[in-house]
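Undergrad: The file below is upload.txt, compact mmCIF, C-alpha atoms:
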# COMPACT_ATOMS: atom_id res chain seq x y z
CA MET Y 1 -143.95 -171.99 -188.26
CA LYS Y 2 -146.99 -169.83 -188.03
CA ASN Y 3 -147.78 -171.47 -184.72
CA GLN Y 4 -144.28 -170.95 -183.34
CA ASN Y 5 -143.93 -167.29 -184.26
CA PRO Y 6 -146.15 -165.68 -181.57
CA LYS Y 7 -144.44 -167.60 -178.78
CA ILE Y 8 -141.02 -166.34 -179.79
CA ILE Y 9 -142.31 -162.80 -180.00
CA LEU Y 10 -144.05 -163.11 -176.65
CA THR Y 11 -140.88 -164.52 -175.06
CA PHE Y 12 -138.81 -161.73 -176.51
CA PHE Y 13 -141.09 -158.99 -175.23
CA SER Y 14 -141.47 -160.72 -171.87
CA ILE Y 15 -137.71 -160.61 -171.58
CA MET Y 16 -137.84 -156.88 -172.32
CA ILE Y 17 -140.40 -156.35 -169.56
CA GLY Y 18 -138.26 -158.40 -167.20
CA ILE Y 19 -135.23 -156.24 -167.96
CA PHE Y 20 -137.18 -153.11 -167.18
CA ILE Y 21 -138.63 -154.57 -163.98
CA SER Y 22 -135.23 -155.65 -162.67
CA THR Y 23 -133.69 -152.30 -163.60
CA GLN Y 24 -136.44 -150.64 -161.62
CA ILE Y 25 -135.87 -152.98 -158.67
CA LYS Y 26 -132.12 -152.40 -158.79
CA MET Y 27 -132.54 -148.69 -158.18
CA LYS Y 28 -134.07 -149.36 -154.76
CA LEU Y 29 -136.68 -146.66 -155.12
CA GLU Y 30 -138.24 -145.20 -152.05
CA THR Y 31 -141.99 -145.07 -151.95
CA ILE Y 32 -143.17 -141.87 -153.53
CA THR Y 33 -144.98 -139.76 -150.94
CA PRO Y 34 -146.51 -136.34 -151.37
CA ILE Y 35 -144.11 -133.56 -150.39
CA THR Y 36 -145.53 -131.14 -147.84
CA ILE Y 37 -144.35 -127.58 -147.52
CA ARG Y 38 -143.15 -128.37 -144.03
CA SER Y 39 -140.98 -131.23 -145.20
CA LEU Y 40 -139.63 -129.00 -147.95
CA GLN Y 41 -138.71 -126.36 -145.42
CA THR Y 42 -137.10 -128.81 -143.03
CA MET Y 43 -135.14 -130.24 -145.93
CA LYS Y 44 -134.04 -126.75 -146.90
CA ALA Y 45 -132.97 -126.00 -143.34
CA GLU Y 46 -131.07 -129.25 -143.20
CA ILE Y 47 -129.29 -128.49 -146.44
CA ASN Y 48 -128.39 -125.02 -145.18
CA ALA Y 49 -127.07 -126.45 -141.93
CA ILE Y 50 -124.98 -129.00 -143.77
CA ASN Y 51 -123.65 -126.34 -146.13
CA ASN Y 52 -122.70 -124.18 -143.14
CA GLU Y 53 -120.97 -127.14 -141.60
CA ILE Y 54 -119.05 -127.71 -144.80
CA ALA Y 55 -117.99 -124.05 -144.88
CA GLU Y 56 -116.84 -124.28 -141.26
CA LEU Y 57 -114.93 -127.45 -141.94
CA ASN Y 58 -113.28 -125.78 -144.92
CA ASN Y 59 -112.24 -122.93 -142.65
CA ILE Y 60 -110.78 -125.40 -140.20
CA ILE Y 61 -108.90 -127.09 -143.02
CA LYS Y 62 -107.47 -123.73 -144.05
CA MET Y 63 -106.43 -122.96 -140.47
CA LYS Y 64 -104.81 -126.35 -140.07
CA GLU Y 65 -102.99 -125.94 -143.34
CA GLU Y 66 -101.62 -122.61 -142.17
CA GLU Y 67 -100.53 -124.24 -138.93
CA LEU Y 68 -98.90 -127.01 -140.88
CA ALA Y 69 -97.07 -124.52 -143.07
CA LEU Y 70 -95.84 -122.78 -139.93
CA LEU Y 71 -94.64 -126.04 -138.45
CA GLU Y 72 -92.92 -126.93 -141.69
CA ASN Y 73 -91.17 -123.59 -141.66
CA ILE Y 74 -89.99 -124.29 -138.14
CA ALA Y 75 -88.71 -127.67 -139.24
CA LYS Y 76 -86.84 -126.03 -142.10
CA GLY Y 77 -85.40 -123.49 -139.71
CA ASP Y 78 -86.96 -120.45 -141.39
CA ASP Y 79 -88.82 -119.33 -138.29
CA ASN Y 80 -87.40 -119.18 -134.84
CA ILE Y 81 -89.15 -121.60 -132.51
CA ILE Y 82 -88.44 -119.42 -129.49
CA ASN Y 83 -90.31 -116.47 -130.95
CA ILE Y 84 -93.28 -118.62 -131.76
CA LEU Y 85 -93.35 -120.12 -128.27
CA LEU Y 86 -93.08 -116.66 -126.73
CA GLU Y 87 -96.03 -115.54 -128.80
CA ASP Y 88 -97.87 -118.60 -127.60
CA ILE Y 89 -97.10 -117.75 -123.97
CA GLN Y 90 -98.29 -114.20 -124.49
CA TYR Y 91 -101.53 -115.44 -126.04
CA ASN Y 92 -102.16 -117.92 -123.25
CA LYS Y 93 -101.34 -115.36 -120.55
CA ILE Y 94 -103.85 -112.93 -121.98
CA HIS Y 95 -106.52 -115.60 -121.98
CA SER Y 96 -105.75 -116.88 -118.52
CA GLY Y 97 -105.83 -113.37 -117.06
CA GLN Y 98 -102.18 -113.06 -116.13
CA THR Y 99 -101.60 -109.86 -118.05
CA SER Y 100 -102.94 -106.39 -117.45
CA LEU Y 101 -105.36 -105.35 -120.12
CA GLU Y 102 -106.56 -102.06 -121.46
CA GLY Y 103 -109.49 -101.18 -123.64
CA PRO Y 104 -112.87 -99.49 -123.91
CA GLY Y 105 -115.60 -100.50 -121.51
CA ILE Y 106 -117.64 -99.40 -118.54
CA VAL Y 107 -116.99 -98.62 -114.91
CA ILE Y 108 -119.70 -99.38 -112.38
CA LYS Y 109 -119.61 -97.83 -108.96
CA MET Y 110 -121.78 -99.59 -106.40
CA TYR Y 111 -122.25 -98.45 -102.84
CA ASP Y 112 -124.66 -99.12 -99.99
CA ASN Y 113 -127.77 -97.03 -99.56
CA PRO Y 114 -126.48 -94.02 -97.67
CA ALA Y 115 -129.87 -93.01 -96.25
CA GLU Y 116 -130.22 -92.86 -92.48
CA ARG Y 117 -132.70 -95.38 -91.08
CA TYR Y 118 -134.68 -95.54 -87.91
CA PHE Y 119 -133.75 -98.03 -85.24
CA GLY Y 120 -134.90 -101.56 -86.00
CA PHE Y 121 -134.95 -101.18 -89.80
CA ASP Y 122 -133.68 -104.26 -91.64
CA LEU Y 123 -130.37 -102.95 -92.94
CA ASN Y 124 -129.94 -106.00 -95.19
CA GLU Y 125 -131.97 -104.20 -97.80
CA ASP Y 126 -129.52 -101.32 -97.86
CA VAL Y 127 -126.35 -103.38 -98.11
CA ILE Y 128 -124.72 -104.79 -101.24
CA HIS Y 129 -124.50 -108.55 -101.06
CA ASP Y 130 -122.28 -111.01 -102.83
CA VAL Y 131 -125.30 -112.11 -104.85
CA ASP Y 132 -125.74 -108.61 -106.26
CA ILE Y 133 -122.15 -108.55 -107.44
CA LEU Y 134 -122.43 -112.05 -108.87
CA ASN Y 135 -125.50 -111.15 -110.86
CA ILE Y 136 -123.93 -108.00 -112.23
CA ILE Y 137 -120.79 -109.90 -113.20
CA ASN Y 138 -122.87 -112.52 -114.92
CA ASP Y 139 -124.82 -109.87 -116.83
CA LEU Y 140 -121.55 -108.34 -117.97
CA ARG Y 141 -120.26 -111.71 -119.13
CA ILE Y 142 -123.47 -112.33 -121.06
CA ALA Y 143 -122.92 -108.97 -122.74
CA GLY Y 144 -119.50 -110.15 -123.88
CA ALA Y 145 -117.18 -108.62 -121.31
CA GLU Y 146 -113.62 -109.74 -122.04
CA ALA Y 147 -112.03 -108.79 -118.75
CA ILE Y 148 -113.58 -107.82 -115.41
CA SER Y 149 -112.13 -106.50 -112.22
CA ILE Y 150 -113.65 -105.57 -108.88
CA ASN Y 151 -111.76 -103.03 -106.82
CA ASN Y 152 -108.69 -103.75 -108.93
CA GLU Y 153 -108.95 -107.47 -108.29
CA ARG Y 154 -109.12 -109.43 -111.52
CA VAL Y 155 -112.15 -111.70 -111.78
CA LEU Y 156 -111.32 -115.01 -113.43
CA SER Y 157 -113.34 -118.13 -114.11
CA THR Y 158 -112.07 -119.53 -110.81
CA SER Y 159 -112.48 -116.35 -108.77
CA GLU Y 160 -114.79 -116.61 -105.79
CA ILE Y 161 -117.07 -113.82 -104.69
CA LYS Y 162 -117.81 -114.50 -101.06
CA CYS Y 163 -119.86 -112.66 -98.50
CA GLY Y 164 -117.77 -111.73 -95.49
CA GLY Y 165 -120.13 -109.65 -93.41
CA PRO Y 166 -119.75 -106.01 -94.41
CA VAL Y 167 -117.03 -106.93 -96.90
CA ILE Y 168 -116.79 -109.16 -99.91
CA ARG Y 169 -113.92 -111.49 -100.59
CA ILE Y 170 -112.59 -111.81 -104.13
CA ASN Y 171 -109.59 -114.00 -104.92
CA GLY Y 172 -109.07 -114.33 -101.18
CA ARG Y 173 -108.81 -110.58 -100.64
CA SER Y 174 -111.38 -108.52 -98.84
CA SER Y 175 -113.00 -105.55 -100.49
CA ALA Y 176 -115.34 -103.08 -98.94
CA THR Y 177 -117.93 -100.74 -100.38
CA PRO Y 178 -117.82 -98.83 -102.68
CA PHE Y 179 -117.25 -101.55 -105.24
CA ILE Y 180 -115.82 -100.41 -108.52
CA ILE Y 181 -116.45 -102.95 -111.22
CA LYS Y 182 -114.55 -102.46 -114.44
CA ALA Y 183 -115.31 -104.38 -117.58
CA ILE Y 184 -113.68 -104.28 -121.01
CA GLY Y 185 -115.95 -104.99 -123.95
CA ASP Y 186 -118.39 -103.26 -126.26
CA PRO Y 187 -119.28 -100.26 -124.03
CA LYS Y 188 -122.80 -99.79 -125.37
CA VAL Y 189 -123.73 -103.45 -124.93
CA LEU Y 190 -122.19 -103.58 -121.46
CA TYR Y 191 -123.96 -100.40 -120.46
CA ALA Y 192 -127.27 -101.75 -121.64
CA ALA Y 193 -126.70 -105.08 -119.90
CA VAL Y 194 -126.70 -103.44 -116.48
CA ASN Y 195 -128.96 -100.44 -117.06
CA ALA Y 196 -131.79 -101.59 -119.32
CA PRO Y 197 -135.19 -101.94 -117.62
CA GLY Y 198 -135.62 -105.38 -116.13
CA THR Y 199 -131.93 -106.09 -115.70
CA TYR Y 200 -130.48 -106.80 -112.30
CA GLY Y 201 -128.69 -103.47 -112.19
CA ASP Y 202 -132.00 -101.72 -112.78
CA LEU Y 203 -133.59 -103.76 -110.01
CA LEU Y 204 -130.98 -102.58 -107.50
CA LYS Y 205 -132.21 -99.02 -107.94
CA ILE Y 206 -135.52 -100.00 -106.37
CA TYR Y 207 -133.60 -100.75 -103.17
CA GLU Y 208 -131.91 -97.39 -103.57
CA ILE Y 209 -128.52 -98.99 -103.67
CA GLY Y 210 -125.96 -96.71 -105.24
CA PHE Y 211 -125.34 -97.76 -108.83
CA GLU Y 212 -123.48 -95.48 -111.21
CA THR Y 213 -122.30 -96.51 -114.62
CA THR Y 214 -119.88 -94.59 -116.79
CA ILE Y 215 -118.55 -95.42 -120.23
CA GLU Y 216 -114.83 -94.95 -120.63
CA ASP Y 217 -112.59 -95.17 -123.64
CA SER Y 218 -109.64 -96.63 -121.85
CA ILE Y 219 -109.94 -98.85 -118.83
CA TYR Y 220 -107.02 -100.49 -117.12
CA ILE Y 221 -107.64 -103.93 -115.68
CA PRO Y 222 -104.82 -105.44 -113.61
CA ALA Y 223 -103.45 -108.94 -113.99
CA TYR Y 224 -104.31 -111.79 -111.70
CA THR Y 225 -101.54 -112.03 -109.16
CA GLY Y 226 -102.38 -115.29 -107.45
CA ASP Y 227 -101.33 -118.80 -108.33
CA PHE Y 228 -103.20 -121.49 -110.14
CA ASP Y 229 -103.14 -124.57 -108.01
CA PHE Y 230 -104.97 -127.57 -109.39
CA ARG Y 231 -104.92 -130.35 -106.89
CA TYR Y 232 -107.70 -132.57 -108.22
CA ALA Y 233 -108.13 -131.73 -111.87
CA LYS Y 234 -105.67 -133.48 -114.18
CA PRO Y 235 -105.30 -132.64 -117.85
CA LEU Y 236 -106.32 -135.44 -120.16
CA GLY Y 237 -104.16 -134.13 -122.97
CA LYS Y 238 -106.65 -135.42 -125.49
CA ASP Y 239 -107.80 -132.28 -127.25
CA ASP Y 240 -105.37 -130.17 -129.18
CA MET X 1 -156.22 -178.61 -182.50
CA PRO X 2 -153.32 -177.86 -180.12
CA SER X 3 -153.04 -180.06 -177.08
CA HIS X 4 -153.55 -178.84 -173.52
CA TRP X 5 -149.81 -178.68 -172.85
CA GLU X 6 -149.16 -176.67 -175.93
CA ARG X 7 -151.66 -174.17 -174.67
CA MET X 8 -150.02 -174.07 -171.26
CA ILE X 9 -146.67 -173.31 -172.88
CA ASN X 10 -148.13 -169.99 -174.01
CA LEU X 11 -148.47 -168.82 -170.42
CA PHE X 12 -145.12 -170.24 -169.32
CA VAL X 13 -143.41 -168.53 -172.23
CA ALA X 14 -144.36 -165.16 -170.75
CA ILE X 15 -143.45 -166.09 -167.16
CA ILE X 16 -140.11 -167.65 -168.13
CA GLY X 17 -139.40 -164.71 -170.42
CA ILE X 18 -139.98 -162.23 -167.61
CA LEU X 19 -137.76 -164.27 -165.27
CA ILE X 20 -134.97 -164.43 -167.86
CA GLY X 21 -135.36 -160.70 -168.41
CA ILE X 22 -135.09 -160.00 -164.68
CA VAL X 23 -131.87 -162.00 -164.50
CA ILE X 24 -130.46 -160.19 -167.53
CA GLY X 25 -131.51 -156.84 -166.08
CA PHE X 26 -129.70 -157.56 -162.84
CA ILE X 27 -126.58 -158.56 -164.71
CA LEU X 28 -126.59 -155.50 -166.96
CA PRO X 29 -124.98 -152.48 -165.27
CA TYR X 30 -127.39 -150.07 -166.93
CA THR X 31 -129.73 -147.88 -164.83
CA TYR X 32 -131.71 -144.82 -165.74
CA ASP X 33 -132.43 -141.61 -163.88
CA THR X 34 -134.63 -141.95 -160.80
CA THR X 35 -136.95 -139.18 -161.99
CA TYR X 36 -138.16 -141.39 -164.83
CA SER X 37 -139.04 -144.30 -162.54
CA LEU X 38 -142.73 -143.40 -162.39
CA TYR X 39 -143.04 -143.24 -166.17
CA VAL X 40 -141.17 -146.49 -166.62
CA SER X 41 -143.26 -148.31 -164.01
CA VAL X 42 -146.48 -147.22 -165.71
CA ALA X 43 -145.01 -148.25 -169.06
CA ILE X 44 -144.10 -151.65 -167.60
CA LEU X 45 -147.71 -152.12 -166.58
CA ALA X 46 -148.89 -151.29 -170.11
CA CYS X 47 -146.36 -153.69 -171.63
CA LEU X 48 -147.40 -156.43 -169.24
CA ASP X 49 -150.98 -155.92 -170.30
CA SER X 50 -149.95 -156.16 -173.96
CA VAL X 51 -148.09 -159.43 -173.39
CA PHE X 52 -151.07 -160.93 -171.57
CA GLY X 53 -153.29 -159.76 -174.41
CA GLY X 54 -150.89 -161.40 -176.85
CA ILE X 55 -151.06 -164.68 -174.96
CA ARG X 56 -154.82 -164.50 -174.94
CA SER X 57 -155.08 -163.80 -178.65
CA ASN X 58 -152.60 -166.57 -179.36
CA LEU X 59 -154.74 -168.98 -177.36
CA GLU X 60 -157.78 -167.80 -179.28
CA ASN X 61 -155.83 -168.27 -182.51
CA ASN X 62 -156.18 -164.70 -183.69
CA PHE X 63 -152.73 -163.39 -182.82
CA ASN X 64 -151.71 -160.51 -185.09
CA ILE X 65 -148.16 -159.28 -184.80
CA ARG X 66 -149.03 -155.77 -185.94
CA ILE X 67 -151.72 -155.39 -183.31
CA PHE X 68 -149.38 -156.82 -180.70
CA LEU X 69 -146.43 -154.60 -181.54
CA SER X 70 -148.47 -151.43 -181.90
CA GLY X 71 -150.21 -152.21 -178.60
CA PHE X 72 -146.96 -153.02 -176.84
CA PHE X 73 -145.16 -149.82 -177.78
CA GLY X 74 -148.19 -147.58 -178.20
CA ASN X 75 -149.64 -148.41 -174.81
CA ALA X 76 -146.27 -148.06 -173.10
CA ILE X 77 -145.59 -144.69 -174.69
CA LEU X 78 -149.11 -143.42 -174.04
CA ALA X 79 -148.96 -144.53 -170.38
CA ALA X 80 -145.57 -142.90 -169.87
CA PHE X 81 -146.78 -139.78 -171.61
CA LEU X 82 -149.86 -139.63 -169.39
CA ALA X 83 -147.68 -139.92 -166.32
CA TYR X 84 -145.41 -137.16 -167.63
CA LEU X 85 -148.32 -134.90 -168.53
CA GLY X 86 -149.85 -135.51 -165.10
CA ASP X 87 -146.59 -134.45 -163.49
CA ARG X 88 -146.54 -131.23 -165.52
CA LEU X 89 -150.19 -130.43 -164.80
CA GLY X 90 -150.08 -131.45 -161.17
CA VAL X 91 -152.87 -134.00 -161.65
CA PRO X 92 -151.98 -137.68 -161.23
CA LEU X 93 -153.10 -138.67 -164.73
CA TYR X 94 -151.14 -141.92 -164.56
CA TYR X 95 -153.96 -143.28 -162.44
CA ALA X 96 -155.90 -143.56 -165.71
CA ALA X 97 -153.19 -145.83 -167.12
CA ILE X 98 -152.95 -147.84 -163.88
CA PHE X 99 -156.68 -148.46 -163.71
CA THR X 100 -157.09 -149.21 -167.40
CA PHE X 101 -154.12 -151.49 -167.85
CA GLY X 102 -154.41 -153.03 -164.40
CA GLY X 103 -158.04 -153.86 -165.01
CA ARG X 104 -157.33 -155.20 -168.48
CA LEU X 105 -154.46 -157.28 -167.15
CA PHE X 106 -156.85 -159.15 -164.88
CA GLU X 107 -159.43 -159.37 -167.63
CA ASN X 108 -156.90 -160.93 -170.00
CA PHE X 109 -155.72 -163.28 -167.30
CA ALA X 110 -159.31 -164.34 -166.64
CA LYS X 111 -159.81 -165.12 -170.34
CA ILE X 112 -156.51 -167.07 -170.40
CA ARG X 113 -157.60 -169.09 -167.39
CA ARG X 114 -160.87 -169.96 -168.97
CA VAL X 115 -159.24 -171.05 -172.22
CA LEU X 116 -156.68 -173.16 -170.38
CA LEU X 117 -159.08 -174.70 -167.89
CA PHE X 118 -161.81 -175.55 -170.35
CA LYS X 119 -159.36 -176.73 -172.98
CA GLY X 120 -160.86 -176.67 -176.42
CA LYS X 121 -164.44 -176.04 -175.42
CA LYS X 122 -166.01 -172.85 -176.64
CA THR X 123 -166.75 -171.00 -173.42
CA ASN X 124 -166.74 -167.45 -172.26
Go through the file and emit its structure as structure tokens.
TA:
Amino acid sequence: MKNQNPKIILTFFSIMIGIFISTQIKMKLETITPITIRSLQTMKAEINAINNEIAELNNIIKMKEEELALLENIAKGDDNIINILLEDIQYNKIHSGQTSLEGPGIVIKMYDNPAERYFGFDLNEDVIHDVDILNIINDLRIAGAEAISINNERVLSTSEIKCGGPVIRINGRSSATPFIIKAIGDPKVLYAAVNAPGTYGDLLKIYEIGFETTIEDSIYIPAYTGDFDFRYAKPLGKDD
Amino acid sequence: MPSHWERMINLFVAIIGILIGIVIGFILPYTYDTTYSLYVSVAILACLDSVFGGIRSNLENNFNIRIFLSGFFGNAILAAFLAYLGDRLGVPLYYAAIFTFGGRLFENFAKIRRVLLFKGKKTN
């Protein structure tokens, strides 16, 4: 008996060790590595990004729930479907540029350099080109312009700005100098976008091209009057 | 005088016991918090050393259950405590436990080998 006792004890405690070992294995531990400050920071940034994503997704859920409630109301007959569709049309027209808009913004007046030149001077430097207009328009869009018109011609995402000799063609209609560009948006930002040193508008002054900007409280921008004619592009109907 | 096979059983008892324990551990649904894994792993090392020491002392016929039990639990707790203290102080103190018990584990195993290989002869 005295001989047998230690073996039983040893077996028992070996079993205990085995239980602990297998429990440890079960947890599938990753190798412990020292945490650097950089990895901590990247982890923090990741967590923040994921949290932001979650918040955004929650917002989307809320929006969708509201939409669903609206649709349910329609199904019940509480809301009139025609009114909702009319609102939808209005919304889409505003965003496709088929309504006249009004709001605060800036008016830019651009005209050719009026100085008289000697014979043989390269007049190209004195004339406004399509590229100048394009750059200004792009600067305005970067600054968050919501609606833009040139000489009362609405500029849309599909509008071309084409050089036609002394004139410029926009939406298939010719415009001549002076060009009056109107943009609705945050007036201060728009003003800065074309007047701050280093911007394209500032650069034009070197060539002594007329460039006057005024901030106005109420600017009227006309609707696009042409047609949308998509011959090649077909809607997929996948999203929304 | 115990026979050679009886001596061998001492070693197998530990190995079979550990294997049985591993199987039981996998069957049991119980797991503990991941933060304690370092402490537990150091404690496992200490326990392993104690069991090997127990086998050795049993082979040398001076097994004492009090020494074994106090070593088994005392070493495990001390090793885990060292690991914990090291974590608090920012110094990896558990290295002390790893080196001590790891070294002693091999020492014990070497003694066991000698006893088993040279049977009853008095060797060191």
Undergrad: Dump as a short mmCIF file (atom, residue, chain, number, x, y, z; two decimals) with C-alpha atoms, in the coordinates of the input the residues of chain X that approach chain Y to within 8 Å, counting only C-alpha atoms.
TA:
data_model
loop_
_atom_site.label_atom_id
_atom_site.label_comp_id
_atom_site.auth_asym_id
_atom_site.auth_seq_id
_atom_site.Cartn_x
_atom_site.Cartn_y
_atom_site.Cartn_z
CA ASN X 10 -148.13 -169.99 -174.01
CA VAL X 13 -143.41 -168.53 -172.23
CA ALA X 14 -144.36 -165.16 -170.75
CA ILE X 15 -143.45 -166.09 -167.16
CA ILE X 16 -140.11 -167.65 -168.13
CA GLY X 17 -139.40 -164.71 -170.42
CA ILE X 18 -139.98 -162.23 -167.61
CA LEU X 19 -137.76 -164.27 -165.27
CA ILE X 20 -134.97 -164.43 -167.86
CA GLY X 21 -135.36 -160.70 -168.41
CA ILE X 22 -135.09 -160.00 -164.68
CA VAL X 23 -131.87 -162.00 -164.50
CA ILE X 24 -130.46 -160.19 -167.53
CA GLY X 25 -131.51 -156.84 -166.08
CA PHE X 26 -129.70 -157.56 -162.84
CA TYR X 30 -127.39 -150.07 -166.93
CA THR X 31 -129.73 -147.88 -164.83
CA THR X 34 -134.63 -141.95 -160.80
CA SER X 37 -139.04 -144.30 -162.54
CA VAL X 40 -141.17 -146.49 -166.62
CA SER X 41 -143.26 -148.31 -164.01
CA ILE X 44 -144.10 -151.65 -167.60
CA CYS X 47 -146.36 -153.69 -171.63
CA LEU X 48 -147.40 -156.43 -169.24
CA VAL X 51 -148.09 -159.43 -173.39
CA GLY X 54 -150.89 -161.40 -176.85
CA ILE X 55 -151.06 -164.68 -174.96
CA ASN X 58 -152.60 -166.57 -179.36
CA PHE X 63 -152.73 -163.39 -182.82
CA ILE X 65 -148.16 -159.28 -184.80
#
Undergrad: Using all atoms listed in the file, which residues sit within 10 Å of Ser50 (chain X) once same-chain residues fewer than 3 positions away are excluded, as a list in words?
TA: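 Non-adjacent residues within range: Leu10, Phe13 and Ser14 of chain Y; Ile44, Leu45, Ala46, Cys47, Gly53, Gly54, Ile55, Arg56, Ile67, Phe68, Leu69, Ser70, Gly71, Phe72, Phe73, Gly74, Asn75, Ala76, Phe101, Arg104, Leu105 and Asn108 of chain X.
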Undergrad: So that I can check the surroundings of Leu93 (chain X), please list as a VMD selection string every protein, DNA and RNA residue that reaches within 10 Å of it, counting all atoms listed in the file and ignoring chain neighbours fewer than 4 positions away.
TA: chain X and resid 79 81 to 89 97 to 98
Undergrad: Rounded to one decimal in Å, what is the spacing between CA of Val167 (chain Y) and CA of Asp122 (chain Y)?
TA: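 Going from CA of Val167 (chain Y) over to CA of Asp122 (chain Y), I get 17.7 Å.
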Undergrad: Distance CA of Glu67 (chain Y)-CA of Ser157 (chain Y), one decimal place?
TA: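 For CA of Glu67 (chain Y) relative to CA of Ser157 (chain Y), the distance reads 28.6 Å.
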Undergrad: Choose the residue, out of Y:Val127, Y:Ile133, Y:Ala147, Y:Leu101, that has the smallest atom-to-atom separation from Asn113 (chain Y); count only C-alpha atoms.
TA: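 So, comparing all the options, the nearest one is Y:Val127.
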Undergrad: What gap, in Å, lies between CA of Gly77 (chain Y) and CA of Ile60 (chain Y)?
TA: 25.5 Å
Undergrad: Of the residues X:Leu59, X:Ala43, X:Leu38, X:Val91, which is the one nearest to Leu117 (chain X), using only C-alpha atoms?
TA: X:Leu59
Undergrad: For a cut-off of 8 Å around (-118.5, -108.9, -115.4), file coordinates, pick out all residues using all atoms listed in the file and list them as a PyMOL selection string.
TA: chain Y and resi 136-141+145+147-149+155+181-183
Undergrad: Could you work out an axis-aligned box for region 217-227 of chain Y, taking every atom the file lists and adding 8 Å on each side, and report centre and edge lengths in Å to one decimal, as AutoDock Vina command-line options?
TA:
--center_x -107.0 --center_y -107.0 --center_z -115.5 --size_x 27.3 --size_y 39.6 --size_z 32.2
Undergrad: For Glu146 (chain Y), find every residue with an atom within 10 Å (counting only C-alpha atoms), except residues of its own chain fewer than 6 positions away, and show them as a ChimeraX atom specification.
TA: /Y:95,97,101,103,105,140,183-186
Undergrad: With distances taken over only C-alpha atoms, which of Y:Gly210, Y:Gly164, Y:Leu203, Y:Ile142 is nearest to Ala115 (chain Y)?
TA: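 Ranked by minimum distance to Ala115 (chain Y), first place goes to Y:Gly210.
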Undergrad: At a cut-off of 9 Å, using all atoms listed in the file, what residues contact Asp132 (chain Y)? Leave out same-chain residues fewer than 3 positions from it and give the result as an MDAnalysis selection string.
TA: chainID Y and resid 128:129 135:137 200:201 204
Undergrad: Return the single residue from Y:Tyr207, Y:Ser159, Y:Phe119, Y:Ile106 that is closest to Leu190 (chain Y), with distances computed using all atoms listed in the file.
TA: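 Among the listed residues, Y:Ile106 lies closest to Leu190 (chain Y).
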Undergrad: Using all atoms listed in the file - which residues lie no farther than 6 Å from the point (-121.7, -111.1, -100.8) in the file's frame? Write them as a VMD selection string.
TA: chain Y and resid 129 to 131 162 to 163 168
Undergrad: Start from the incomplete input, build N, CA and C atoms for region 70-83 of chain X, and deliver everything as a PDB file, in the coordinates of the input.
TA:
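File produced: selection-v2.pdb:
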ATOM      1  N   SER X  70    -147.957-152.802-182.062  1.00  0.00           N
ATOM      2  CA  SER X  70    -148.470-151.430-181.900  1.00  0.00           C
ATOM      3  C   SER X  70    -149.025-151.245-180.488  1.00  0.00           C
ATOM      4  N   GLY X  71    -149.673-152.310-179.967  1.00  0.00           N
ATOM      5  CA  GLY X  71    -150.210-152.210-178.600  1.00  0.00           C
ATOM      6  C   GLY X  71    -149.086-152.130-177.583  1.00  0.00           C
ATOM      7  N   PHE X  72    -148.067-152.970-177.794  1.00  0.00           N
ATOM      8  CA  PHE X  72    -146.960-153.020-176.840  1.00  0.00           C
ATOM      9  C   PHE X  72    -146.292-151.652-176.708  1.00  0.00           C
ATOM     10  N   PHE X  73    -145.882-151.083-177.844  1.00  0.00           N
ATOM     11  CA  PHE X  73    -145.160-149.820-177.780  1.00  0.00           C
ATOM     12  C   PHE X  73    -146.103-148.638-177.591  1.00  0.00           C
ATOM     13  N   GLY X  74    -147.245-148.696-178.304  1.00  0.00           N
ATOM     14  CA  GLY X  74    -148.190-147.580-178.200  1.00  0.00           C
ATOM     15  C   GLY X  74    -148.713-147.405-176.787  1.00  0.00           C
ATOM     16  N   ASN X  75    -149.127-148.498-176.172  1.00  0.00           N
ATOM     17  CA  ASN X  75    -149.640-148.410-174.810  1.00  0.00           C
ATOM     18  C   ASN X  75    -148.583-147.906-173.848  1.00  0.00           C
ATOM     19  N   ALA X  76    -147.359-148.457-174.003  1.00  0.00           N
ATOM     20  CA  ALA X  76    -146.270-148.060-173.100  1.00  0.00           C
ATOM     21  C   ALA X  76    -146.005-146.567-173.228  1.00  0.00           C
ATOM     22  N   ILE X  77    -145.913-146.103-174.473  1.00  0.00           N
ATOM     23  CA  ILE X  77    -145.590-144.690-174.690  1.00  0.00           C
ATOM     24  C   ILE X  77    -146.728-143.807-174.178  1.00  0.00           C
ATOM     25  N   LEU X  78    -147.963-144.223-174.474  1.00  0.00           N
ATOM     26  CA  LEU X  78    -149.110-143.420-174.040  1.00  0.00           C
ATOM     27  C   LEU X  78    -149.162-143.364-172.498  1.00  0.00           C
ATOM     28  N   ALA X  79    -148.905-144.506-171.848  1.00  0.00           N
ATOM     29  CA  ALA X  79    -148.960-144.530-170.380  1.00  0.00           C
ATOM     30  C   ALA X  79    -147.870-143.633-169.794  1.00  0.00           C
ATOM     31  N   ALA X  80    -146.669-143.740-170.352  1.00  0.00           N
ATOM     32  CA  ALA X  80    -145.570-142.900-169.870  1.00  0.00           C
ATOM     33  C   ALA X  80    -145.876-141.435-170.115  1.00  0.00           C
ATOM     34  N   PHE X  81    -146.454-141.165-171.287  1.00  0.00           N
ATOM     35  CA  PHE X  81    -146.780-139.780-171.610  1.00  0.00           C
ATOM     36  C   PHE X  81    -147.842-139.233-170.661  1.00  0.00           C
ATOM     37  N   LEU X  82    -148.823-140.054-170.342  1.00  0.00           N
ATOM     38  CA  LEU X  82    -149.860-139.630-169.390  1.00  0.00           C
ATOM     39  C   LEU X  82    -149.242-139.293-168.042  1.00  0.00           C
ATOM     40  N   ALA X  83    -148.339-140.160-167.612  1.00  0.00           N
ATOM     41  CA  ALA X  83    -147.680-139.920-166.320  1.00  0.00           C
ATOM     42  C   ALA X  83    -146.904-138.612-166.352  1.00  0.00           C
TER      43      ALA X  83
END
